[in-house]
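Novice: final.cif is reproduced in full below (mmCIF, C-alpha atoms).
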```
data_data
loop_
_atom_site.label_atom_id
_atom_site.label_comp_id
_atom_site.auth_asym_id
_atom_site.auth_seq_id
_atom_site.Cartn_x
_atom_site.Cartn_y
_atom_site.Cartn_z
CA MET A 1 0.00 0.00 0.00
CA ASN A 2 1.38 3.30 -0.94
CA VAL A 3 -0.76 5.75 0.98
CA LYS A 4 0.72 9.07 1.87
CA LEU A 5 0.41 9.66 5.58
CA PHE A 6 0.99 13.39 5.28
CA ARG A 7 0.17 15.81 2.52
CA LYS A 8 1.90 19.08 1.84
CA GLY A 9 -0.52 21.08 3.93
CA ASP A 10 -0.09 18.79 6.93
CA ILE A 11 3.68 18.99 6.71
CA ALA A 12 3.46 22.79 6.64
CA VAL A 13 1.27 22.80 9.78
CA ILE A 14 3.62 20.45 11.62
CA ALA A 15 6.66 22.48 10.51
CA ILE A 16 5.08 25.68 11.82
CA ILE A 17 4.35 24.03 15.20
CA ILE A 18 7.93 22.78 15.49
CA ILE A 19 9.40 26.15 14.53
CA ALA A 20 7.11 27.92 17.01
CA ALA A 21 8.12 25.51 19.78
CA ILE A 22 11.82 26.05 19.08
CA ALA A 23 11.36 29.82 18.94
CA PHE A 24 9.40 29.72 22.21
CA ALA A 25 12.10 27.68 23.93
CA TYR A 26 14.79 29.97 22.56
CA PHE A 27 13.13 33.14 23.82
CA SER A 28 12.28 31.64 27.21
CA PHE A 29 15.80 30.49 27.96
CA SER A 30 18.03 32.98 26.17
CA ASP A 31 17.33 35.77 28.67
CA SER A 32 18.60 33.77 31.61
CA GLU A 33 22.19 34.03 30.46
CA ASN A 34 22.22 37.77 30.91
CA LEU A 35 22.47 39.39 34.32
CA GLN A 36 19.50 41.69 34.69
CA ALA A 37 19.69 44.42 37.31
CA VAL A 38 16.37 45.92 38.31
CA ILE A 39 16.02 49.20 40.19
CA THR A 40 12.74 49.88 41.97
CA VAL A 41 11.54 52.93 43.85
CA ASP A 42 8.62 52.31 46.21
CA GLY A 43 7.87 49.03 44.46
CA GLU A 44 7.81 50.54 40.94
CA VAL A 45 10.46 49.48 38.44
CA VAL A 46 12.29 52.61 37.30
CA GLU A 47 15.19 51.04 35.41
CA THR A 48 16.22 47.64 34.06
CA LEU A 49 19.81 47.10 32.97
CA ASP A 50 21.56 44.22 31.26
CA LEU A 51 24.62 44.15 33.54
CA SER A 52 26.60 41.79 31.33
CA SER A 53 26.60 44.38 28.55
CA VAL A 54 27.47 47.35 30.77
CA LYS A 55 31.05 48.42 30.10
CA GLU A 56 31.00 52.22 30.23
CA ARG A 57 30.04 53.94 33.48
CA ILE A 58 26.29 54.59 33.70
CA VAL A 59 24.98 56.96 36.36
CA ILE A 60 21.36 56.64 37.42
CA THR A 61 19.67 59.15 39.71
CA PRO A 62 16.08 58.10 40.34
CA GLU A 63 13.71 60.69 41.77
CA THR A 64 13.92 59.89 45.46
CA GLU A 65 13.98 61.70 48.77
CA PRO A 66 16.70 61.45 50.15
CA LYS A 67 18.70 61.42 46.91
CA VAL A 68 20.68 58.35 45.84
CA VAL A 69 23.21 57.96 43.06
CA ILE A 70 23.47 54.53 41.46
CA VAL A 71 26.44 53.64 39.28
CA ALA A 72 26.78 50.68 36.91
CA GLU A 73 30.10 49.82 35.27
CA ASN A 74 32.14 46.77 34.26
CA GLY A 75 29.24 44.39 34.85
CA GLU A 76 28.62 45.67 38.39
CA ILE A 77 26.11 48.01 39.98
CA ARG A 78 26.12 49.84 43.32
CA PHE A 79 24.75 52.70 45.37
CA ASP A 80 27.59 55.14 44.78
CA SER A 81 26.37 57.77 47.19
CA ALA A 82 23.24 58.55 49.19
CA GLU A 83 21.99 61.40 51.32
CA CYS A 84 20.37 59.09 53.87
CA GLU A 85 21.71 58.94 57.42
CA ASP A 86 22.73 55.30 57.82
CA ARG A 87 24.20 54.75 54.31
CA LEU A 88 23.60 51.00 54.67
CA CYS A 89 22.91 50.99 50.93
CA VAL A 90 26.34 52.36 50.00
CA ASN A 91 28.00 49.97 52.45
CA SER A 92 26.31 47.06 50.67
CA GLY A 93 29.03 47.41 48.02
CA SER A 94 28.96 46.29 44.39
CA LEU A 95 26.37 43.83 43.12
CA LYS A 96 27.55 41.48 40.41
CA LYS A 97 25.89 38.08 40.64
CA GLY A 98 22.37 36.69 40.61
CA GLY A 99 20.57 37.33 43.89
CA ASP A 100 22.74 40.26 44.99
CA THR A 101 20.55 42.95 46.52
CA ALA A 102 21.03 46.37 48.03
CA VAL A 103 18.29 48.35 49.71
CA CYS A 104 18.06 52.01 50.71
CA LEU A 105 15.14 52.08 53.14
CA PRO A 106 14.88 55.88 53.53
CA ALA A 107 14.78 56.36 49.74
CA LYS A 108 12.63 53.22 49.27
CA THR A 109 15.04 52.15 46.55
CA VAL A 110 16.08 48.58 45.82
CA ILE A 111 18.64 47.22 43.38
CA THR A 112 18.30 43.51 42.66
CA VAL A 113 20.34 41.35 40.32
CA MET A 114 17.85 38.78 39.04
CA GLY A 115 18.42 35.04 39.09
CA SER A 116 19.20 33.92 42.65
CA ASP A 117 19.47 30.19 43.23
CA VAL A 118 17.69 30.44 46.58
CA ASP A 119 14.05 31.40 47.26
CA ALA A 120 14.93 33.92 49.97
CA VAL A 121 17.86 35.15 52.04
CA VAL A 122 17.25 35.76 55.75
CA TYR A 123 19.18 38.50 57.54
CA MET B 1 -5.67 9.19 5.49
CA LYS B 2 -4.97 12.86 5.01
CA LYS B 3 -7.96 13.52 7.19
CA THR B 4 -6.41 11.43 9.94
CA ALA B 5 -3.14 13.35 9.71
CA ALA B 6 -4.95 16.68 9.79
CA ALA B 7 -7.01 15.51 12.78
CA VAL B 8 -3.86 14.45 14.60
CA ALA B 9 -2.31 17.87 13.94
CA VAL B 10 -5.42 19.65 15.18
CA ILE B 11 -5.55 17.53 18.33
CA LEU B 12 -1.85 18.18 18.99
CA VAL B 13 -2.36 21.91 18.69
CA ALA B 14 -5.43 21.77 20.90
CA VAL B 15 -3.62 19.76 23.59
CA LEU B 16 -0.69 22.17 23.44
CA ALA B 17 -3.04 25.13 23.73
CA VAL B 18 -4.77 23.58 26.75
CA PHE B 19 -1.41 22.96 28.43
CA VAL B 20 -0.23 26.51 27.78
CA PHE B 21 -3.54 27.87 29.01
CA TYR B 22 -3.55 25.76 32.18
CA ASP B 23 0.05 26.55 32.88
CA GLY B 24 -0.63 30.25 32.40
CA VAL B 25 -3.69 30.26 34.64
CA LEU B 26 -2.85 27.72 37.35
CA ASN B 27 0.85 28.51 37.63
CA LYS B 28 0.71 32.22 37.05
CA THR B 29 3.01 34.21 39.26
CA SER B 30 2.34 37.53 40.88
CA ASP B 31 4.90 39.76 42.60
CA ALA B 32 4.59 42.60 45.06
CA ASP B 33 7.38 44.76 46.44
CA PHE B 34 6.71 47.58 48.83
CA PHE B 35 7.94 49.37 51.94
CA SER B 36 6.08 49.02 55.20
CA MET B 37 6.86 48.34 58.88
CA ASN B 38 10.13 50.25 58.45
CA THR B 39 11.39 47.60 56.07
CA TYR B 40 11.27 46.19 52.56
CA VAL B 41 8.60 43.60 51.84
CA SER B 42 8.63 41.31 48.83
CA ALA B 43 6.13 38.62 47.92
CA LYS B 44 6.08 36.12 45.11
CA VAL B 45 2.94 34.02 44.81
CA THR B 46 2.24 31.22 42.31
CA GLY B 47 -1.22 29.88 41.59
CA TYR B 48 -4.70 30.67 40.34
CA GLU B 49 -5.45 33.42 42.89
CA SER B 50 -1.91 34.84 43.01
CA ASP B 51 -2.91 38.38 41.95
CA LEU B 52 -5.50 38.54 44.68
CA CYS B 53 -2.97 37.28 47.26
CA THR B 54 -0.26 39.82 46.55
CA ALA B 55 -2.80 42.63 46.90
CA GLU B 56 -4.02 41.12 50.19
CA ILE B 57 -0.47 40.69 51.49
CA GLN B 58 0.25 44.38 51.02
CA LYS B 59 -2.98 45.30 52.78
CA ILE B 60 -2.27 42.92 55.70
CA VAL B 61 1.22 44.28 56.37
CA GLU B 62 0.20 47.93 55.99
CA ASN B 63 -2.84 47.48 58.25
CA LEU B 64 -0.86 45.61 60.91
CA ASP B 65 1.66 48.42 60.87
CA THR B 66 -0.52 51.52 60.85
CA GLU B 67 -3.57 50.13 62.72
CA ILE B 68 -1.91 47.93 65.31
CA LEU B 69 1.83 47.62 65.85
CA SER B 70 3.44 50.92 64.85
CA ARG B 71 4.75 53.23 67.56
CA THR B 72 5.01 56.13 65.13
CA ALA B 73 1.44 55.99 63.76
CA GLU B 74 -0.38 58.00 66.38
CA ASN B 75 -3.68 56.14 66.16
CA SER B 76 -2.34 52.61 66.14
CA LEU B 77 -3.47 50.29 68.89
CA VAL B 78 0.04 50.08 70.35
CA SER B 79 0.48 53.86 70.33
CA GLN B 80 -2.77 54.14 72.24
CA ILE B 81 -1.75 51.46 74.75
CA ASN B 82 1.60 53.16 75.30
CA LYS B 83 -0.11 56.51 75.75
CA ASN B 84 -2.91 55.31 78.03
CA GLY B 85 -1.07 52.57 79.89
CA GLY B 86 -3.39 49.88 78.60
CA GLY B 87 -6.32 49.08 76.36
CA GLU B 88 -8.54 46.49 74.72
CA LEU B 89 -7.25 44.03 72.14
CA ASP B 90 -9.00 42.18 69.36
CA LEU B 91 -8.92 38.36 69.64
CA GLN B 92 -6.09 37.84 67.18
CA THR B 93 -3.86 40.51 68.69
CA ALA B 94 -4.55 39.14 72.18
CA ALA B 95 -3.40 35.71 70.96
CA TYR B 96 -0.18 37.19 69.55
CA PHE B 97 0.47 39.12 72.78
CA SER B 98 -0.14 36.02 74.86
CA LEU B 99 2.44 34.03 72.86
CA LEU B 100 4.91 36.95 73.11
CA LEU B 101 4.53 36.97 76.88
CA ASP B 102 5.07 33.23 76.96
CA VAL B 103 8.42 33.68 75.15
CA CYS B 104 9.35 36.49 77.57
CA ARG B 105 8.81 34.11 80.48
CA GLN B 106 10.40 31.03 78.91
CA SER B 107 13.47 33.05 77.93
CA ALA B 108 13.62 34.66 81.40
CA GLY B 109 13.43 38.08 79.79
CA ALA B 110 16.03 37.55 77.04
CA PHE B 111 13.17 38.52 74.78
CA ASP B 112 11.23 41.50 76.09
CA PHE B 113 8.83 43.71 74.15
CA THR B 114 8.68 46.55 76.67
CA LEU B 115 12.04 48.06 75.75
CA GLY B 116 10.73 50.86 73.52
CA ALA B 117 12.19 53.62 75.70
CA VAL B 118 15.57 51.90 75.81
CA SER B 119 15.84 51.36 72.06
CA ASP B 120 14.70 54.94 71.43
CA LEU B 121 17.80 56.15 73.30
CA TRP B 122 20.03 54.25 70.87
CA SER B 123 18.04 55.55 67.85
CA PHE B 124 19.00 52.71 65.53
CA GLY B 125 17.42 53.24 62.14
CA SER B 126 17.94 56.98 62.18
CA SER B 127 21.08 58.47 63.73
CA PRO B 128 22.43 55.92 66.22
CA LYS B 129 24.44 57.06 69.22
CA ILE B 130 25.58 55.80 72.62
CA PRO B 131 22.96 56.89 75.16
CA ASP B 132 23.68 58.74 78.35
CA GLU B 133 24.11 56.09 81.05
CA ASN B 134 21.73 57.67 83.54
CA GLU B 135 19.03 58.03 80.91
CA LEU B 136 19.55 54.40 79.94
CA LEU B 137 19.22 53.19 83.54
CA GLU B 138 16.11 55.31 84.00
CA ALA B 139 14.52 53.84 80.82
CA LEU B 140 15.50 50.31 81.89
CA SER B 141 13.85 50.75 85.27
CA HIS B 142 10.52 51.35 83.50
CA SER B 143 10.93 48.32 81.24
CA GLY B 144 10.25 44.65 81.84
CA TYR B 145 7.57 42.25 80.63
CA GLU B 146 6.51 41.60 84.25
CA LYS B 147 4.82 44.98 84.10
CA ILE B 148 2.37 43.74 81.47
CA VAL B 149 -0.89 42.30 82.74
CA LEU B 150 -2.86 40.51 80.06
CA SER B 151 -6.26 39.21 81.11
CA GLY B 152 -8.57 38.06 78.36
CA ASN B 153 -8.65 40.84 75.81
CA SER B 154 -7.46 43.57 78.17
CA ILE B 155 -3.90 44.70 78.55
CA GLU B 156 -2.57 46.91 81.30
CA LEU B 157 0.89 48.37 81.78
CA GLN B 158 1.54 48.51 85.50
CA ASP B 159 4.31 51.04 84.90
CA LYS B 160 2.82 53.78 82.72
CA SER B 161 6.29 54.66 81.42
CA ALA B 162 6.85 51.20 79.93
CA VAL B 163 6.85 51.37 76.13
CA LEU B 164 5.70 48.37 74.09
CA ASP B 165 7.81 47.83 71.00
CA PHE B 166 7.33 45.31 68.18
CA GLY B 167 10.61 45.81 66.36
CA ALA B 168 11.62 42.22 67.13
CA SER B 169 8.22 40.63 66.53
CA GLY B 170 6.23 42.67 63.99
CA LYS B 171 7.75 40.98 60.98
CA GLY B 172 6.99 37.53 62.38
CA ILE B 173 3.43 38.53 63.29
CA SER B 174 2.98 39.77 59.71
CA LEU B 175 4.11 36.41 58.35
CA ASP B 176 1.56 34.56 60.51
CA SER B 177 -1.27 36.86 59.41
CA ILE B 178 -0.21 36.42 55.77
CA LYS B 179 -0.04 32.64 56.18
CA ALA B 180 -3.58 32.55 57.60
CA CYS B 181 -4.78 34.45 54.55
CA LEU B 182 -2.92 32.31 52.00
CA GLU B 183 -4.43 29.16 53.53
CA THR B 184 -7.86 30.31 52.39
CA ARG B 185 -6.75 30.95 48.80
CA ASP B 186 -6.32 28.74 45.76
CA ILE B 187 -2.57 29.02 45.25
CA LYS B 188 0.32 26.59 44.90
CA ASN B 189 3.14 28.28 46.74
CA ALA B 190 4.45 31.61 47.94
CA VAL B 191 7.62 33.20 49.24
CA VAL B 192 7.07 36.31 51.35
CA SER B 193 9.90 38.27 52.95
CA VAL B 194 9.19 41.00 55.48
CA GLY B 195 12.63 42.47 55.98
CA GLY B 196 14.94 39.55 56.75
CA SER B 197 12.14 37.22 57.87
CA SER B 198 10.63 34.86 55.33
CA LEU B 199 7.52 32.73 54.96
CA LEU B 200 7.81 29.75 52.65
CA PHE B 201 4.30 28.57 51.88
CA GLY B 202 2.98 25.57 49.99
CA ASP B 203 3.97 22.06 49.04
CA LYS B 204 7.42 22.67 47.64
CA ASP B 205 11.08 22.18 48.48
CA PHE B 206 12.37 25.63 49.31
CA THR B 207 15.93 26.84 49.59
CA VAL B 208 16.71 29.71 51.94
CA GLY B 209 20.08 31.42 52.23
CA ILE B 210 21.56 32.54 55.56
CA ARG B 211 23.09 35.89 54.87
CA ASN B 212 26.84 36.27 54.81
CA PRO B 213 27.60 38.63 57.74
CA GLU B 214 30.42 40.16 55.72
CA GLY B 215 28.70 40.32 52.33
CA ASN B 216 25.85 42.26 50.75
CA ALA B 217 22.19 41.57 51.39
CA GLY B 218 21.89 38.85 48.74
CA SER B 219 25.00 36.80 49.50
CA TYR B 220 24.82 33.82 51.84
CA ILE B 221 27.06 31.39 53.71
CA ALA B 222 24.71 28.42 53.93
CA LYS B 223 21.55 27.08 52.36
CA LEU B 224 18.61 25.67 54.30
CA HIS B 225 16.51 23.05 52.54
CA ILE B 226 13.05 23.17 54.04
CA GLY B 227 9.38 22.66 53.28
CA GLU B 228 6.64 25.03 54.41
CA GLY B 229 7.71 27.21 57.33
CA CYS B 230 9.07 30.51 58.55
CA VAL B 231 12.71 31.52 58.83
CA SER B 232 14.11 34.57 60.63
CA THR B 233 17.58 35.77 61.46
CA SER B 234 18.86 38.22 64.03
CA GLY B 235 22.27 39.50 63.01
CA SER B 236 24.57 41.95 64.73
CA TYR B 237 25.79 43.15 61.29
CA GLU B 238 22.33 44.35 60.28
CA GLN B 239 22.28 47.71 62.09
CA SER B 240 25.42 48.91 63.77
CA PHE B 241 27.67 51.91 64.19
CA GLU B 242 31.19 52.59 65.36
CA GLU B 243 32.25 54.99 68.03
CA ASN B 244 35.72 55.34 69.59
CA GLY B 245 36.84 52.22 67.72
CA LYS B 246 34.08 50.03 69.19
CA THR B 247 31.16 48.61 67.21
CA TYR B 248 27.66 48.88 68.67
CA HIS B 249 24.87 46.79 67.12
CA HIS B 250 21.11 46.86 67.55
CA ILE B 251 20.47 43.63 69.49
CA LEU B 252 20.18 44.88 73.05
CA ASP B 253 20.47 42.82 76.21
CA PRO B 254 17.23 43.57 78.12
CA GLU B 255 19.16 43.24 81.37
CA THR B 256 21.82 45.88 80.69
CA GLY B 257 20.35 47.94 77.86
CA TYR B 258 23.62 47.56 75.92
CA PRO B 259 24.32 45.52 72.76
CA VAL B 260 24.85 41.81 73.41
CA ASP B 261 28.52 40.87 73.23
CA ASN B 262 28.82 37.08 73.38
CA GLY B 263 30.72 36.04 70.27
CA LEU B 264 27.63 35.52 68.09
CA VAL B 265 27.08 37.34 64.78
CA GLY B 266 23.75 35.79 63.88
CA VAL B 267 21.03 33.37 64.91
CA THR B 268 18.56 31.85 62.46
CA ILE B 269 15.38 30.09 63.56
CA VAL B 270 13.18 27.78 61.51
CA SER B 271 9.65 27.40 62.84
CA GLU B 272 6.09 26.81 61.69
CA SER B 273 5.28 30.12 63.35
CA GLY B 274 6.51 33.43 62.00
CA LEU B 275 6.18 35.04 65.41
CA LEU B 276 8.27 32.33 67.09
CA SER B 277 10.95 32.38 64.37
CA ASP B 278 11.24 36.16 64.72
CA VAL B 279 11.32 36.51 68.51
CA LEU B 280 13.33 33.34 69.19
CA SER B 281 16.07 34.56 66.85
CA THR B 282 16.43 37.61 69.11
CA ALA B 283 16.05 35.67 72.36
CA CYS B 284 18.56 32.99 71.29
CA PHE B 285 21.02 35.68 70.20
CA VAL B 286 20.79 37.27 73.65
CA LEU B 287 21.05 33.90 75.46
CA GLY B 288 24.03 32.55 73.49
CA VAL B 289 24.55 29.05 72.07
CA GLU B 290 23.93 26.91 75.15
CA LYS B 291 20.88 28.52 76.74
CA GLY B 292 19.56 29.55 73.32
CA SER B 293 19.63 25.94 72.12
CA ALA B 294 17.61 24.88 75.15
CA LEU B 295 15.01 27.57 74.48
CA ALA B 296 14.70 26.66 70.77
CA ALA B 297 14.29 22.99 71.74
CA GLU B 298 11.53 23.95 74.17
CA TYR B 299 9.52 25.39 71.26
CA GLY B 300 10.48 22.58 68.86
CA CYS B 301 12.33 24.93 66.53
CA THR B 302 15.62 24.51 64.69
CA ALA B 303 18.21 27.12 65.65
CA ILE B 304 21.41 27.94 63.76
CA PHE B 305 24.03 29.98 65.60
CA VAL B 306 26.84 31.66 63.66
CA THR B 307 29.82 32.81 65.72
CA GLU B 308 32.45 35.50 65.16
CA ASP B 309 35.08 32.79 64.62
CA LYS B 310 32.99 31.34 61.77
CA LYS B 311 31.61 28.29 63.51
CA ILE B 312 28.04 27.16 62.93
CA HIS B 313 26.14 25.44 65.76
CA VAL B 314 22.85 23.74 64.96
CA GLU B 315 20.15 22.84 67.48
CA GLY B 316 17.43 20.61 66.08
CA ASN B 317 17.36 19.23 62.57
CA SER B 318 20.90 19.62 61.22
CA ASP B 319 20.07 17.76 57.99
CA ILE B 320 18.52 20.89 56.51
CA ILE B 321 21.71 22.91 56.42
CA GLU B 322 24.24 22.95 53.59
CA ILE B 323 27.24 25.20 54.22
CA THR B 324 28.18 26.89 50.95
CA ASP B 325 30.94 29.18 52.18
CA SER B 326 34.02 27.07 52.98
CA SER B 327 35.38 29.57 55.50
CA TYR B 328 32.56 28.47 57.84
CA THR B 329 32.54 25.09 59.55
CA LEU B 330 29.96 23.10 61.47
CA ALA B 331 30.79 22.93 65.19
CA GLU B 332 30.64 19.49 66.77
#
```
Please go through the file and, once you have read it, give me the structure as structure tokens.
Specialist:
Amino acid sequence: MNVKLFRKGDIAVIAIIIIAAIAFAYFSFSDSENLQAVITVDGEVVETLDLSSVKERIVITPETEPKVVIVAENGEIRFDSAECEDRLCVNSGSLKKGGDTAVCLPAKTVITVMGSDVDAVVY
Amino acid sequence: MKKTAAAVAVILVAVLAVFVFYDGVLNKTSDADFFSMNTYVSAKVTGYESDLCTAEIQKIVENLDTEILSRTAENSLVSQINKNGGGELDLQTAAYFSLLLDVCRQSAGAFDFTLGAVSDLWSFGSSPKIPDENELLEALSHSGYEKIVLSGNSIELQDKSAVLDFGASGKGISLDSIKACLETRDIKNAVVSVGGSSLLFGDKDFTVGIRNPEGNAGSYIAKLHIGEGCVSTSGSYEQSFEENGKTYHHILDPETGYPVDNGLVGVTIVSESGLLSDVLSTACFVLGVEKGSALAAEYGCTAIFVTEDKKIHVEGNSDIIEITDSSYTLAE
């Protein structure tokens, strides 16, 4: 018996499904290789940076009270200076790997590098 | 035959669509990040009602803060109690207070929530300084959990100058209130952090990092592998200042009014109860390894003590801990 299991149209449909699946997988996983730094002020995202592509110094000054100055360079990001009293945020140092976090409570500003391998860190 | 092939293709697409749809609806994730209770709160909820939950979580923490526990919100219940020397509690708050008092007694005052006047003198969180000794002694003389009389839903401060303070318990109380809410919702799991205290909710294997005392807020020295529960840490590195070459941190010994100096840098407690994990981390820090271990055992909690010389002592289930920073070792 020489019956064709698939006709041209069927092959096209199947090809489209396979291509879509590959594209979906590609887009879902490709992002995870980059280090994303997210800056939020009072819970709102004000800036998202791809840390792995940051070479030149970038200065970010979100609208906060007290003022904070955030600097990203060479794949790292930090609170460079802050007008708050305790300066815990500046003392947090440079963030460079997934899960690193620095918080300025008075300015309600948080820098998080996405992609921690733990669900939470207790401190 | 071509009909069969086409039917197979259609069924495949339909099945795929159903999977994608179910995954999107039943496993959808919702995040909330906000500032309340003088700290940073973050919640990540997965499941059908996740959006609803993150909104409720924010409301729960903000209400607990401004309506009940805050000492700065003038109309909060605690502000009123401090001002009037007593008051009436709702059922839930009375239950929390009763458990707090129990920990005060069991820890022989190593945990004490009447030290508001003492901690005010240190002003951690704003511009910390060493208090005047006479002022400190005066504030201490008006402190002490023995001055609290809790009968039913009424609370009375027998010394009107005693100041209730929930700095060491508010985060844990929030976690318990959040947990009670999540239990009524159709969700799969959730991770909620109120400051450095976390609730891990749902049927899942969670991993929690114990913060590296010398690193930034996201770096850790050990991982805890746990199921549903609450984890809190009290660390001397969290709020501290230096004066005349000496470091002063925010965990105060209720007996002296000065920072505890016993060789510990942090204590982490794992408990079913957020309140217990929060207050026992403070109490065990004050008590030190030996007495702290006994207290944690009394409440059936696991306690992890980290010392200045980088030793880790575990009381309870030591199988859950995986040390990831090789400069720390498990004490025998």
Novice: Please write as JSON, numbers by chain the list of polymer residues whose atoms come within 12 Å of (21.1, 59.3, 42.1), counting all atoms listed in the file and keeping to the coordinates of the file.
Specialist: {"A": [39, 41, 58, 59, 60, 61, 62, 63, 64, 65, 66, 67, 68, 69, 70, 71, 72, 78, 79, 80, 81, 82, 83, 84, 90, 104, 107, 109]}
Novice: Between B:Tyr328, B:Tyr299, B:Phe241, B:Phe113, single out the one closest to chain A, counting all atoms listed in the file.
Specialist: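 With all atoms listed in the file as the atom set, the closest residue is B:Phe241.
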Novice: Let me know the residues the PyMOL selection byres ((chain A) within 10 of (chain B)) catches in the file above, as number ranges by chain.
Specialist: A: 3-11, 13-14, 17, 40-45, 84-86, 88-89, 91-95, 97-106, 108-110, 112-113, 116-123
Novice: Taking all atoms listed in the file into account, which of A:Ile77, A:Gly115, A:Phe24, A:Ile18 comes nearest A:Leu49?
Specialist: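 Once distances to A:Leu49 are computed over all atoms listed in the file, the minimum belongs to A:Ile77.
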Novice: With all atoms listed in the file as the counted atoms, please give the residues lying no more than 12 Å from B:Ala297, apart from itself and same-chain residues fewer than 5 positions off, as a ChimeraX atom specification.
Specialist: /B:106-107,269-271,280,284,289-292,302-304,314-317
Novice: Just to confirm, what's the straight-line distance from atom CA of B:Leu164 to atom CA of B:Leu137 in Å (one decimal)?
Specialist: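 One can read the atom CA of B:Leu164 to atom CA of B:Leu137 distance as 17.2 Å.
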Novice: Pull out every residue that the PyMOL selection byres ((chain B and resi 86) around 7) matches in the shown coordinates and put them as a list of chain:residue names.
Specialist: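 That expression, the PyMOL selection byres ((chain B and resi 86) around 7), corresponds here to B:Ile81, B:Asn82, B:Asn84, B:Gly85, B:Gly87, B:Ile155, B:Glu156, B:Leu157.
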Novice: Given the file shown, enumerate the residues that the PyMOL selection byres ((chain B and resi 49) around 7) captures and present them as a PDB file with C-alpha atoms, in the coordinates of the input.
Specialist:
```pdb
ATOM      1  CA  GLY B  47      -1.220  29.880  41.590  1.00  0.00           C
ATOM      2  CA  TYR B  48      -4.700  30.670  40.340  1.00  0.00           C
ATOM      3  CA  SER B  50      -1.910  34.840  43.010  1.00  0.00           C
ATOM      4  CA  ASP B  51      -2.910  38.380  41.950  1.00  0.00           C
ATOM      5  CA  LEU B  52      -5.500  38.540  44.680  1.00  0.00           C
ATOM      6  CA  CYS B  53      -2.970  37.280  47.260  1.00  0.00           C
ATOM      7  CA  ARG B 185      -6.750  30.950  48.800  1.00  0.00           C
ATOM      8  CA  ASP B 186      -6.320  28.740  45.760  1.00  0.00           C
ATOM      9  CA  ILE B 187      -2.570  29.020  45.250  1.00  0.00           C
TER      10      ILE B 187
END
```
Novice: Quick one: distance from atom CA of B:Glu133 to atom CA of B:Tyr248 in Å, one decimal?
Specialist: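 So the answer is 14.8 Å.
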Novice: Residues within 10 Å of B:Met37, please, as a PyMOL selection string. Count all atoms listed in the file; anything in the same chain fewer than 4 positions from it doesn't count.
Specialist: chain B and resi 41+61-66+69-70+166-167+170-171+174+194-195
Novice: To one decimal place, how far is atom CA of B:Leu140 from atom CA of B:Ala294 in Å?
Specialist: 26.4 Å
Novice: Which residues, written as a count of residues only, have at least one atom at most 8 Å from B:Ile173, with only C-alpha atoms counted and residues fewer than 2 positions away on the same chain left out?
Specialist: 9
Novice: Residues near A:Thr48, anyone? I mean within 7 Å using only C-alpha atoms, not counting same-chain ones fewer than 6 positions away, as JSON, numbers by chain.
Specialist: {"A": [36, 37, 38, 39]}
Novice: Find the smallest box with edges along x, y and z containing every listed atom of stretch 274-291 of chain B, then add 8 Å on each side and report centre and edge lengths in Å to one decimal, as AutoDock Vina command-line options.
Specialist:
```
--center_x 15.4 --center_y 32.3 --center_z 69.4 --size_x 34.4 --size_y 26.7 --size_z 30.7
```
